[in-house]
Every structure is written in C-alpha cells, then in structure tokens.
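Student: So I've got this file, final-v8.csv, and it contains CSV, C-alpha atoms:
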```
chain,number,residue,atom,x,y,z
A,1,MET,CA,106.1,150.0,-6.8
A,2,GLY,CA,109.4,148.3,-7.3
A,3,ARG,CA,109.5,144.7,-8.4
A,4,VAL,CA,110.6,141.9,-6.1
A,5,LEU,CA,113.2,139.7,-7.7
A,6,ARG,CA,113.1,136.1,-6.6
A,7,GLU,CA,115.9,133.6,-7.1
A,8,THR,CA,115.0,130.0,-7.1
A,9,LEU,CA,117.7,127.8,-5.4
A,10,LYS,CA,118.4,124.6,-7.4
A,11,PRO,CA,119.7,121.5,-5.7
A,12,SER,CA,123.4,120.9,-6.3
A,13,THR,CA,124.3,118.3,-8.7
A,14,SER,CA,127.4,117.3,-6.7
A,15,SER,CA,127.8,116.3,-3.1
A,16,VAL,CA,130.9,116.0,-0.9
A,17,SER,CA,131.4,112.5,0.7
A,18,ALA,CA,133.2,112.1,4.0
A,19,THR,CA,136.4,110.2,3.9
A,20,THR,CA,137.4,108.0,6.8
A,21,THR,CA,140.7,106.3,7.5
A,22,SER,CA,142.1,103.5,9.5
A,23,THR,CA,145.6,102.0,9.8
A,24,SER,CA,146.6,98.3,10.3
A,25,VAL,CA,149.6,98.1,12.7
A,26,THR,CA,151.7,94.9,13.0
A,27,GLU,CA,154.4,94.9,15.6
A,28,THR,CA,156.0,92.7,18.2
A,29,VAL,CA,155.5,92.5,21.9
A,30,ASN,CA,159.0,91.6,23.3
A,31,GLY,CA,160.2,90.0,26.5
A,32,SER,CA,163.2,88.0,27.6
A,33,HIS,CA,164.3,85.5,30.2
A,34,GLN,CA,167.8,84.5,31.5
A,35,PHE,CA,168.2,80.8,32.5
A,36,LYS,CA,171.2,79.8,34.6
A,37,ILE,CA,172.2,76.1,34.5
A,38,THR,CA,174.4,75.0,37.4
A,39,GLY,CA,176.1,71.6,37.8
A,40,TYR,CA,176.5,71.1,34.0
A,41,SER,CA,178.9,68.2,34.5
A,42,LEU,CA,176.3,66.4,36.7
A,43,SER,CA,173.6,66.8,34.1
A,44,LYS,CA,175.6,64.8,31.5
A,45,GLY,CA,174.5,61.2,31.1
A,46,SER,CA,170.9,61.9,32.0
A,47,GLY,CA,170.0,60.5,28.5
A,48,ILE,CA,169.3,61.6,25.0
A,49,GLY,CA,166.0,63.5,24.8
A,50,LYS,CA,166.0,64.3,28.5
A,51,TYR,CA,166.0,68.0,29.2
A,52,ILE,CA,166.2,70.6,32.0
A,53,ALA,CA,163.5,73.3,31.8
A,54,SER,CA,163.6,76.8,32.9
A,55,ASP,CA,160.7,78.3,34.9
A,56,THR,CA,157.9,79.5,32.7
A,57,PHE,CA,157.9,83.2,31.8
A,58,MET,CA,155.2,85.4,30.2
A,59,VAL,CA,155.5,87.3,26.9
A,60,GLY,CA,152.6,88.7,24.9
A,61,GLY,CA,150.0,86.9,27.0
A,62,TYR,CA,151.6,83.4,26.5
A,63,LEU,CA,153.8,81.3,28.7
A,64,TRP,CA,157.2,80.2,27.5
A,65,ALA,CA,160.0,77.9,28.7
A,66,ILE,CA,163.6,77.2,27.7
A,67,TYR,CA,164.6,73.6,27.2
A,68,PHE,CA,168.2,72.5,27.6
A,69,TYR,CA,169.2,69.0,26.5
A,70,PRO,CA,172.7,68.2,28.0
A,71,ASP,CA,172.9,64.9,25.9
A,72,GLY,CA,171.2,66.3,22.9
A,73,LYS,CA,167.7,65.8,21.5
A,74,SER,CA,168.3,63.4,18.6
A,75,PRO,CA,169.6,59.8,19.0
A,76,GLU,CA,171.5,60.1,15.6
A,77,ASP,CA,173.9,62.7,17.1
A,78,ASN,CA,175.0,60.2,19.8
A,79,ALA,CA,175.2,62.8,22.5
A,80,ALA,CA,177.8,64.8,20.6
A,81,TYR,CA,175.9,68.0,20.8
A,82,ILE,CA,173.9,70.0,23.3
A,83,SER,CA,170.4,71.0,22.1
A,84,LEU,CA,168.6,74.2,23.0
A,85,PHE,CA,165.0,75.1,22.4
A,86,ILE,CA,162.3,77.6,23.3
A,87,ALA,CA,158.8,76.2,23.7
A,88,LEU,CA,155.2,77.5,24.0
A,89,ALA,CA,154.1,76.4,27.5
A,90,SER,CA,150.5,77.6,27.4
A,91,GLU,CA,147.5,77.0,25.2
A,92,GLY,CA,147.7,78.8,21.9
A,93,THR,CA,147.1,78.2,18.2
A,94,ASP,CA,149.3,79.6,15.3
A,95,VAL,CA,151.3,81.8,17.6
A,96,ARG,CA,153.6,83.8,15.4
A,97,ALA,CA,156.9,84.9,17.0
A,98,LEU,CA,160.5,85.9,16.6
A,99,PHE,CA,163.1,84.2,18.7
A,100,GLU,CA,166.7,84.6,19.9
A,101,LEU,CA,168.7,82.1,21.8
A,102,THR,CA,172.0,83.2,23.2
A,103,LEU,CA,174.7,81.2,25.0
A,104,LEU,CA,176.5,83.9,27.1
A,105,ASP,CA,180.3,84.2,27.0
A,106,GLN,CA,181.3,84.3,30.7
A,107,SER,CA,184.8,85.6,30.2
A,108,GLY,CA,183.7,89.2,29.8
A,109,LYS,CA,184.8,89.3,26.1
A,110,GLU,CA,181.1,89.3,25.1
A,111,ARG,CA,181.7,86.7,22.3
A,112,HIS,CA,178.3,85.3,22.8
A,113,LYS,CA,176.9,82.5,20.6
A,114,VAL,CA,173.7,83.9,19.1
A,115,HIS,CA,170.9,82.5,17.0
A,116,SER,CA,168.4,85.2,16.2
A,117,HIS,CA,165.4,86.2,14.1
A,118,PHE,CA,165.6,89.8,15.2
A,119,GLY,CA,167.3,92.5,13.1
A,120,ARG,CA,167.1,90.6,9.8
A,121,THR,CA,164.7,89.9,7.0
A,122,LEU,CA,163.1,86.4,7.1
A,123,GLU,CA,162.1,84.9,3.8
A,124,SER,CA,159.2,83.0,5.1
A,125,GLY,CA,158.2,85.5,7.9
A,126,PRO,CA,158.1,84.9,11.6
A,127,TYR,CA,158.1,81.4,13.0
A,128,THR,CA,154.6,79.9,13.7
A,129,LEU,CA,154.0,77.6,16.7
A,130,LYS,CA,150.9,75.5,16.1
A,131,TYR,CA,150.0,74.3,19.6
A,132,ARG,CA,151.2,74.0,23.2
A,133,GLY,CA,154.6,72.3,23.4
A,134,SER,CA,155.7,73.5,19.9
A,135,MET,CA,159.4,74.3,19.9
A,136,TRP,CA,161.9,76.4,18.0
A,137,GLY,CA,165.6,75.9,18.4
A,138,TYR,CA,168.6,73.8,17.5
A,139,LYS,CA,169.3,70.1,17.9
A,140,ARG,CA,173.0,70.8,17.2
A,141,PHE,CA,173.3,74.1,19.1
A,142,PHE,CA,176.9,73.4,20.2
A,143,LYS,CA,179.3,70.5,20.1
A,144,ARG,CA,179.9,69.3,23.6
A,145,THR,CA,183.7,68.8,23.3
A,146,LEU,CA,184.1,72.4,22.2
A,147,LEU,CA,181.6,73.7,24.8
A,148,GLU,CA,183.5,72.2,27.6
A,149,GLN,CA,186.8,73.9,26.6
A,150,SER,CA,185.1,77.3,25.9
A,151,ASP,CA,184.4,80.5,27.9
A,152,TYR,CA,180.7,79.7,27.8
A,153,LEU,CA,181.2,77.2,30.6
A,154,LYS,CA,182.5,78.7,33.9
A,155,ASP,CA,182.5,77.1,37.3
A,156,ASP,CA,180.4,74.2,35.8
A,157,CYS,CA,177.7,76.7,35.0
A,158,LEU,CA,176.1,77.8,31.7
A,159,SER,CA,174.0,81.0,31.2
A,160,VAL,CA,171.3,81.2,28.4
A,161,HIS,CA,169.4,84.3,27.4
A,162,CYS,CA,166.2,84.0,25.4
A,163,SER,CA,164.3,86.8,23.7
A,164,VAL,CA,160.8,86.4,22.4
A,165,GLY,CA,158.8,88.8,20.2
A,166,ILE,CA,155.1,88.0,19.7
A,167,VAL,CA,153.7,89.3,16.4
A,168,MET,CA,150.5,91.1,17.0
A,169,SER,CA,148.2,93.1,14.6
A,170,HIS,CA,145.5,95.6,15.3
A,171,THR,CA,143.6,98.3,13.4
A,172,GLU,CA,143.6,101.9,14.6
A,173,GLY,CA,140.8,104.3,13.7
A,174,PRO,CA,140.6,108.1,14.4
A,175,LYS,CA,140.1,108.9,18.1
A,176,ILE,CA,137.1,111.1,18.7
A,177,PHE,CA,138.0,112.0,22.2
A,178,SER,CA,140.3,110.9,25.1
A,179,ILE,CA,139.4,111.5,28.7
A,180,ALA,CA,141.8,110.5,31.4
A,181,VAL,CA,139.8,108.8,34.2
A,182,PRO,CA,141.6,108.8,37.6
A,183,PRO,CA,141.8,105.6,39.6
A,184,SER,CA,139.3,104.9,42.3
A,185,SER,CA,140.0,106.8,45.5
A,186,ILE,CA,137.3,105.2,47.7
A,187,GLY,CA,140.0,103.5,49.8
A,188,HIS,CA,141.7,106.8,50.4
A,189,HIS,CA,138.4,108.4,51.5
A,190,PHE,CA,137.5,105.6,53.9
A,191,GLY,CA,141.1,105.6,55.3
A,192,GLN,CA,140.7,109.3,56.0
A,193,LEU,CA,137.4,108.6,57.7
A,194,LEU,CA,139.2,106.1,60.0
A,195,GLU,CA,142.0,108.6,60.8
A,196,SER,CA,139.6,111.4,61.5
A,197,GLY,CA,137.8,109.4,64.2
A,198,LYS,CA,134.6,111.2,63.3
A,199,GLN,CA,131.2,109.5,63.8
A,200,THR,CA,132.7,106.3,65.2
A,201,ASP,CA,130.1,104.1,67.0
A,202,VAL,CA,132.1,101.1,68.2
A,203,SER,CA,135.4,100.7,70.1
A,204,PHE,CA,137.7,97.6,70.2
A,205,GLU,CA,139.9,96.9,73.2
A,206,VAL,CA,143.0,94.9,72.1
A,207,ASP,CA,145.8,94.1,74.5
A,208,GLY,CA,145.0,97.3,76.5
A,209,GLU,CA,144.7,99.6,73.5
A,210,PHE,CA,141.5,101.1,72.1
A,211,PHE,CA,140.6,101.4,68.4
A,212,PRO,CA,137.4,103.3,67.4
A,213,ALA,CA,135.7,102.3,64.2
A,214,HIS,CA,132.4,102.4,62.2
A,215,LYS,CA,130.0,99.5,62.4
A,216,LEU,CA,128.7,99.8,58.9
A,217,VAL,CA,132.1,99.9,57.4
A,218,LEU,CA,133.2,96.8,59.3
A,219,ALA,CA,130.0,94.9,58.5
A,220,ALA,CA,130.3,95.7,54.8
A,221,ARG,CA,133.9,94.4,54.7
A,222,SER,CA,133.8,91.4,57.0
A,223,PRO,CA,131.1,88.7,57.4
A,224,VAL,CA,132.4,88.0,60.9
A,225,PHE,CA,132.0,91.6,61.9
A,226,ARG,CA,128.6,91.7,60.3
A,227,ALA,CA,127.4,88.8,62.4
A,228,GLN,CA,129.1,90.2,65.5
A,229,LEU,CA,127.6,93.6,65.2
A,230,PHE,CA,124.2,93.1,63.5
A,231,GLY,CA,123.4,89.4,63.4
A,232,PRO,CA,120.9,87.5,65.5
A,233,MET,CA,123.8,86.3,67.7
A,234,LYS,CA,125.4,89.7,68.0
A,235,ASP,CA,127.3,90.8,71.1
A,236,HIS,CA,125.3,92.3,73.9
A,237,ASN,CA,127.5,95.3,74.1
A,238,THR,CA,128.2,96.4,70.5
A,239,LYS,CA,129.7,99.8,71.5
A,240,GLN,CA,132.8,98.4,73.2
A,241,ILE,CA,134.2,95.0,72.3
A,242,GLU,CA,137.2,93.2,73.7
A,243,VAL,CA,139.3,91.3,71.2
A,244,GLU,CA,141.2,88.3,72.7
A,245,ASP,CA,144.2,86.4,71.3
A,246,MET,CA,145.5,89.2,69.1
A,247,GLU,CA,148.2,91.9,69.5
A,248,ALA,CA,147.3,95.5,69.1
A,249,PRO,CA,149.6,96.2,66.1
A,250,VAL,CA,148.0,93.3,64.3
A,251,PHE,CA,144.4,94.6,64.9
A,252,LYS,CA,145.6,98.0,63.8
A,253,ALA,CA,146.9,96.5,60.5
A,254,LEU,CA,143.6,94.7,60.1
A,255,LEU,CA,141.6,98.0,60.4
A,256,HIS,CA,144.0,99.6,58.0
A,257,PHE,CA,143.2,97.1,55.4
A,258,ILE,CA,139.5,97.2,56.0
A,259,TYR,CA,139.4,101.0,55.4
A,260,TRP,CA,142.3,101.6,53.0
A,261,ASP,CA,142.0,98.2,51.1
A,262,SER,CA,145.8,97.9,51.2
A,263,LEU,CA,148.5,96.7,53.5
A,264,PRO,CA,150.1,99.1,55.9
A,265,ASP,CA,153.8,99.8,56.0
A,266,MET,CA,155.0,96.9,58.1
A,267,GLU,CA,158.2,98.6,59.2
A,268,GLU,CA,156.4,101.7,60.3
A,269,LEU,CA,153.7,99.7,62.1
A,270,THR,CA,156.2,97.5,64.0
A,271,GLY,CA,158.9,100.1,64.5
A,272,LEU,CA,161.4,97.6,63.3
A,273,THR,CA,163.4,97.4,60.0
A,274,SER,CA,164.3,93.7,59.9
A,275,LYS,CA,162.8,91.3,57.4
A,276,TRP,CA,162.1,88.9,60.2
A,277,ALA,CA,159.8,91.4,61.9
A,278,SER,CA,157.9,92.0,58.7
A,279,THR,CA,157.5,88.2,58.2
A,280,LEU,CA,156.2,87.8,61.8
A,281,MET,CA,153.6,90.5,61.2
A,282,SER,CA,152.5,88.9,57.9
A,283,GLN,CA,152.1,85.6,59.8
A,284,HIS,CA,149.9,87.2,62.5
A,285,LEU,CA,147.9,89.2,60.0
A,286,LEU,CA,147.2,86.1,57.9
A,287,ALA,CA,145.7,84.4,60.9
A,288,ALA,CA,143.6,87.6,61.7
A,289,ALA,CA,142.4,87.8,58.1
A,290,ASP,CA,141.2,84.1,58.2
A,291,ARG,CA,139.6,84.8,61.6
A,292,TYR,CA,137.5,87.7,60.2
A,293,GLY,CA,136.8,86.3,56.7
A,294,LEU,CA,139.0,88.8,54.8
A,295,ASP,CA,139.9,86.6,51.9
A,296,ARG,CA,141.8,89.2,49.9
A,297,LEU,CA,144.0,90.2,52.9
A,298,ARG,CA,144.6,86.5,53.5
A,299,LEU,CA,145.9,86.0,50.0
A,300,MET,CA,148.0,89.2,50.1
A,301,CYS,CA,149.7,87.9,53.3
A,302,GLU,CA,150.1,84.5,51.7
A,303,ALA,CA,151.8,86.0,48.7
A,304,ASN,CA,154.1,88.1,50.9
A,305,LEU,CA,155.2,85.0,52.9
A,306,CYS,CA,155.9,83.1,49.8
A,307,GLU,CA,158.4,85.8,48.8
A,308,VAL,CA,160.3,85.7,52.1
A,309,VAL,CA,160.7,82.0,52.9
A,310,ALA,CA,163.8,81.7,55.1
A,311,ILE,CA,165.5,79.1,57.3
A,312,ASN,CA,164.5,80.6,60.7
A,313,THR,CA,160.8,81.3,59.8
A,314,VAL,CA,159.8,78.6,57.3
A,315,ALA,CA,158.7,76.0,59.9
A,316,THR,CA,156.3,78.4,61.7
A,317,THR,CA,155.0,79.6,58.3
A,318,LEU,CA,154.4,76.0,57.2
A,319,ALA,CA,152.5,75.3,60.4
A,320,LEU,CA,150.4,78.5,59.8
A,321,ALA,CA,149.7,77.4,56.2
A,322,GLU,CA,148.5,74.0,57.4
A,323,GLN,CA,146.3,75.5,60.1
A,324,HIS,CA,144.7,78.1,57.8
A,325,HIS,CA,144.5,76.0,54.6
A,326,CYS,CA,146.9,78.1,52.5
A,327,PHE,CA,147.8,75.4,50.0
A,328,ARG,CA,150.1,77.4,47.8
A,329,LEU,CA,152.1,78.7,50.7
A,330,LYS,CA,152.3,75.2,52.1
A,331,ALA,CA,153.7,73.9,48.9
A,332,VAL,CA,156.4,76.6,48.7
A,333,CYS,CA,157.4,75.9,52.3
A,334,LEU,CA,157.6,72.1,51.8
A,335,LYS,CA,159.8,72.5,48.7
A,336,PHE,CA,162.1,74.9,50.5
A,337,VAL,CA,162.5,72.7,53.6
A,338,ALA,CA,163.0,69.5,51.4
A,339,MET,CA,166.0,71.0,49.6
A,340,PRO,CA,169.1,69.1,50.9
A,341,GLU,CA,171.0,72.4,51.8
A,342,ASN,CA,168.0,73.6,53.9
A,343,LEU,CA,166.6,70.6,55.7
A,344,ARG,CA,169.2,70.1,58.4
A,345,ALA,CA,169.3,73.8,59.3
A,346,VAL,CA,165.5,74.1,59.5
A,347,MET,CA,165.3,71.0,61.7
A,348,GLN,CA,167.4,72.8,64.3
A,349,THR,CA,165.1,75.8,64.7
A,350,ASP,CA,162.5,76.3,67.4
A,351,GLY,CA,159.9,76.6,64.7
A,352,PHE,CA,160.5,73.0,63.7
A,353,GLU,CA,159.7,71.8,67.2
A,354,TYR,CA,156.5,73.8,67.1
A,355,LEU,CA,155.7,72.3,63.7
A,356,LYS,CA,156.1,68.8,65.1
A,357,GLN,CA,153.9,69.4,68.0
A,358,SER,CA,151.1,71.4,66.3
A,359,CYS,CA,151.0,69.7,62.8
A,360,PRO,CA,152.5,66.2,63.0
A,361,SER,CA,150.7,65.2,59.8
A,362,VAL,CA,152.8,67.7,57.8
A,363,LEU,CA,156.0,65.7,58.7
A,364,THR,CA,154.7,62.8,56.6
A,365,GLU,CA,154.2,65.2,53.6
A,366,LEU,CA,157.6,66.6,54.2
A,367,LEU,CA,159.2,63.1,54.0
A,368,GLU,CA,157.5,62.6,50.6
A,369,TYR,CA,158.9,65.8,49.3
A,370,VAL,CA,162.4,64.9,50.6
A,371,ALA,CA,162.1,61.5,48.8
A,372,ARG,CA,161.2,63.2,45.5
A,373,VAL,CA,164.1,65.6,45.7
A,374,ASN,CA,166.5,62.7,46.4
A,375,GLU,CA,164.9,60.7,43.5
A,376,HIS,CA,165.6,63.4,40.9
A,377,PRO,CA,168.6,65.4,42.2
A,378,VAL,CA,169.9,66.5,38.8
A,379,ILE,CA,167.0,66.9,36.4
A,380,VAL,CA,164.9,68.9,38.8
A,381,CYS,CA,166.3,72.4,38.7
A,382,ARG,CA,163.2,74.5,38.8
A,383,HIS,CA,161.7,76.1,41.9
A,384,GLY,CA,158.3,76.7,40.3
A,385,ASN,CA,155.0,74.8,40.3
A,386,GLU,CA,156.3,71.7,38.4
A,387,ALA,CA,159.4,70.1,37.1
A,388,ILE,CA,159.7,68.5,33.7
A,389,LEU,CA,161.6,65.3,33.5
A,390,ASP,CA,161.2,63.9,30.0
A,391,GLY,CA,161.6,65.1,26.4
A,392,SER,CA,159.3,65.1,23.4
A,393,ASP,CA,157.4,62.3,21.8
A,394,ALA,CA,157.7,61.1,18.2
A,395,ASN,CA,155.4,63.9,17.1
A,396,GLY,CA,157.4,66.6,18.8
A,397,ARG,CA,154.8,67.2,21.6
A,398,ARG,CA,155.9,67.6,25.1
A,399,VAL,CA,155.8,64.6,27.4
A,400,LYS,CA,155.6,65.6,31.1
A,401,GLN,CA,156.1,63.9,34.4
A,402,ARG,CA,155.1,66.0,37.3
A,403,LEU,CA,156.5,65.9,40.7
```
Just give me the structure of the file as structure tokens.
Tutor:
Amino acid sequence: MGRVLRETLKPSTSSVSATTTSTSVTETVNGSHQFKITGYSLSKGSGIGKYIASDTFMVGGYLWAIYFYPDGKSPEDNAAYISLFIALASEGTDVRALFELTLLDQSGKERHKVHSHFGRTLESGPYTLKYRGSMWGYKRFFKRTLLEQSDYLKDDCLSVHCSVGIVMSHTEGPKIFSIAVPPSSIGHHFGQLLESGKQTDVSFEVDGEFFPAHKLVLAARSPVFRAQLFGPMKDHNTKQIEVEDMEAPVFKALLHFIYWDSLPDMEELTGLTSKWASTLMSQHLLAAADRYGLDRLRLMCEANLCEVVAINTVATTLALAEQHHCFRLKAVCLKFVAMPENLRAVMQTDGFEYLKQSCPSVLTELLEYVARVNEHPVIVCRHGNEAILDGSDANGRRVKQRL
C-alpha cells in the first residue's frame, strides 16, 4: 500500500493589518449682501457712534448685519470719516470668518473701494468674532470730504457690498454605500385619490358646486372636519354637507391643500393672471384655513400675503390679520401703512373704510406706528423686524433700541 503523506500547516508568523483613512477638510461657506443707503446727506449729523444697520442676512448658519456710521464711530476723529463694519447678529462663540467690505463705484468705471481678507494670505489666520455684536471693519473707512466729491456717492445714495466666508472644518471617512432616497410622494398619491373620485363617501355643496371627498382623509387633516364627521356633535347628514359663507374656488383650494399638502396654482384656479386676484384668493384661503384648523395652510397664506403687500389691498389684509390673529402679517401691514409715502394713498381706498368699521382698535395701533416713524425718520432705514438706533458701548458690544 502506498504511504499517505501529511503536511502540517503552521500558523503564519506575520499578519496583514487593515489600514483606514480619513481626511480633515477646512473650507469656507460663503455668502454676500448688498446694502443700499439712500438719503446720505440727511443721515449726516445724527451723531458720532450712531449707525444705520442693514437688514440681517444668513451665512453659514449665522446672522450678520452691516453697520454704517455716517458721522464715524470714534469721537477722536471728530466726524471726519465714515465708518463701516460687519457684525455678528446672532448667538455664536469664536466664529472664525473672512470678510470683504466694498464701497461700490457708481460711475460704471468699477473703481470700487475694497477691503478684503479673500485671495490673500493672512498672517494670523481668519478673524475671530467672540460673541454676538462683535464687529470687523474700519473706523476710518473713507474721509467724508473726499467721499462727497467721489463717484461712490450718486443721487445722494451709497451702495455697499459685503462678503462673508465662515470657516468650517469636518472630517471625511470612506463611504461604504450611498443610496439615493426619493422625497416623500404621499401628497401626490392622496392628490391622485381626490382627482380620481373613487371611493368618496361625502359631498360638499359650496355656492352651487359639489365637491366629493373622503371622510377619513378630511378627519385626519382637520380637527374641525373630524368633529363634523365623526364627533358626538356630528352633522345628521354626513353624506352631503352644505358649506356656507365660502366661495367654490376657495373650498376647492382648501381640498387641494388637504390632499396634496401644497397650495394650488392661484392663477389656474381663479382664471386670472393679476397679482390682485392671487392676493384676494390668499386672503379668502387664510380665513378658510383658520375656520378648519389647518395651521400650516394658514401660515403659508400669511407668508404669501406678507410678500405682496400693496396700497390697494393692505387695509383689507390688515383687517384679516387682526380678525384671525396673524401677528406677523399684522406687523408687516402696519409698518407698510405707516410709511409717509403710503399712508395717504391707503386711507383713500375702500379697504381702509372697511378696516375702520370692522377693526377700529387697529387704528390706535396704526397711529402709534406713524408716531414712531415720524420720531426716527432718518435712522430707521430697515424694513425688517427691528431697527437699531444706537452704537456700541465702551466694550464694543451692541447697544440696541427697538422700535
């Protein structure tokens, strides 16, 4: 018989270790803001340390604002220079950033006055802002006598461009997999259910038109429909319900939101292309949303109306905001009406007569807004949530007076 040769396997004396890698990435998240300052000659004489602030803008998750001092920031300069700064306007600690402040040449020659961190090596690295209100800029940005003879000033207007680059770091490791997940389509599916008309179990009569729907969908979306269709005080006839004090296109838009979770095309819905028609629909839809407890729709309509405030519609929008407790919309309308160039024109509209009759208490608030605008006609040049009237304290922190 042949012999069986056996080979004994010995454990290896060496092993291969896995090598992993990671990379630290430091980069800037950039953004910019352009600030137009009108009525420059009127702003002079407001006082050293008094400034005009831009609206706040977001870059890298932080709010920022541009501060323009028409009489300068430092008493020792005796108002001989304008000062220009960029300030951190939200909470933050040790925010590292690059900045660029540019006074734009308005002659078309593009001879802008630029102070920039970008595109050059900084010996000490990016600038660090320690806390809210910290500033970077120049007390002696430009001599006033030279500015007033230059191409930077045109039609009593200055234009400032500010760029901010927030320094951010993160560590990247190897990606094991990447799967693209599509956005939710539940609204599309429910919208198709409404359009198909299948399995509807309730019909609404609105101004002579009929709208079939599904009780469970309505009850899931609206607490008012839930009580009306399934609550202890539900309607006796829950198969056909008459809706009063509402126009058919408004109810159709309401159903569209309930199923699609989005606003319909207002022009397509109304058959009109004017901005006024879209505003009118948003007004009616806001009231309907409040009536049926659809808070998200109510806020969407409120946001739309804030964007389209106009002379001929602001009074009725203000009355609507008061009646349905839309405080942000109400504030926007009051500020718009209180502006000297708008007040007289608004008072001549039919909507203002309706406002006086339906919400007389609002007129008292309007008078207070008008008084505030008249009190600070020069320094207040923002159309945002607040206006800053004063400069920094001895420690460089912001001192605010809010309107």
Student: Give me the residues near Gly45 (chain A) as a list of chain:residue names, where near means some atom within 8 Å (using only C-alpha atoms) and where sequence neighbours in that chain fewer than 3 positions away do not count.
Tutor: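 Once the nearby chain positions are removed, what remains is A:Leu42, A:Pro70, A:Asp71.
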Student: Just the residues within 9 Å of Met58 (chain A), please, counting all atoms listed in the file, with nothing from its chain fewer than 3 positions along; format it as a list of chain:residue names.
Tutor: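 Once the adjacent positions are removed, what remains is A:Gly31, A:Ser32, A:Gly61, A:Tyr62, A:Leu63, A:Trp64.
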Student: Considering only C-alpha atoms, state which residue in the set A:Leu305, A:Leu363, A:Leu254, A:Leu263 is at the smallest distance from Arg291 (chain A).
Tutor: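 For Arg291 (chain A), the nearest of the candidates is A:Leu254.
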Student: Using Å and a single decimal, report how far CA of Tyr40 (chain A) sits from CA of Ser163 (chain A).
Tutor: 22.4 Å
Student: Nearest to Gln34 (chain A): which of A:Leu103, A:Ile176, A:Ala80, A:Leu255 is it, counting only C-alpha atoms?
Tutor: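 Using only C-alpha atoms, the shortest distance to Gln34 (chain A) belongs to A:Leu103.
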Student: Is it possible to get the residues within 12 Å of (154.8, 98.0, 59.0) (coordinates as in the file, counting only C-alpha atoms) written as an NGL selection string?
Tutor: :A and (249-250 or 252-254 or 256 or 262-282 or 285)
Student: Counting all atoms listed in the file, which of A:Ser169, A:Ser74, A:Ser184, A:Ser196 gets nearest to Arg140 (chain A)?
Tutor: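 Comparing A:Ser169, A:Ser74, A:Ser184, A:Ser196 against Arg140 (chain A), the winner is A:Ser74.
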Student: Taking the point (143.7, 102.0, 66.8) as given in the file, collect each protein or nucleic acid residue that comes within 10 Å of it, counting all atoms listed in the file, and present the set as a short mmCIF file (atom, residue, chain, number, x, y, z; two decimals) with C-alpha atoms, in the coordinates of the input.
Tutor:
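result_2.cif, written as the output of this step:
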```cif
data_model
loop_
_atom_site.label_atom_id
_atom_site.label_comp_id
_atom_site.auth_asym_id
_atom_site.auth_seq_id
_atom_site.Cartn_x
_atom_site.Cartn_y
_atom_site.Cartn_z
CA LEU A 194 139.20 106.10 60.00
CA GLU A 195 142.00 108.60 60.80
CA GLY A 197 137.80 109.40 64.20
CA SER A 203 135.40 100.70 70.10
CA PHE A 204 137.70 97.60 70.20
CA GLU A 205 139.90 96.90 73.20
CA VAL A 206 143.00 94.90 72.10
CA GLU A 209 144.70 99.60 73.50
CA PHE A 210 141.50 101.10 72.10
CA PHE A 211 140.60 101.40 68.40
CA PRO A 212 137.40 103.30 67.40
CA ALA A 213 135.70 102.30 64.20
CA ALA A 248 147.30 95.50 69.10
CA PRO A 249 149.60 96.20 66.10
CA PHE A 251 144.40 94.60 64.90
CA LYS A 252 145.60 98.00 63.80
CA ALA A 253 146.90 96.50 60.50
CA LEU A 254 143.60 94.70 60.10
CA LEU A 255 141.60 98.00 60.40
CA HIS A 256 144.00 99.60 58.00
#
```
Student: What's the separation between CA of Lys175 (chain A) and CA of Ser24 (chain A), in Å to one decimal place?
Tutor: 14.7 Å
Student: Interatomic distance between CA of Ala319 (chain A) and CA of Ser358 (chain A)?
Tutor: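 According to the coordinates, CA of Ala319 (chain A) and CA of Ser358 (chain A) are separated by 7.2 Å.
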Student: Can you tell me, as a tab-separated table (two decimals) with C-alpha atoms, in the coordinates of the input, what residues are no more than 12 Å from Gln199 (chain A) when counting only C-alpha atoms, ignoring any on the same chain fewer than 6 positions away?
Tutor:
```tsv
chain	number	residue	atom	x	y	z
A	193	LEU	CA	137.40	108.60	57.70
A	212	PRO	CA	137.40	103.30	67.40
A	213	ALA	CA	135.70	102.30	64.20
A	214	HIS	CA	132.40	102.40	62.20
A	215	LYS	CA	130.00	99.50	62.40
A	216	LEU	CA	128.70	99.80	58.90
A	217	VAL	CA	132.10	99.90	57.40
```
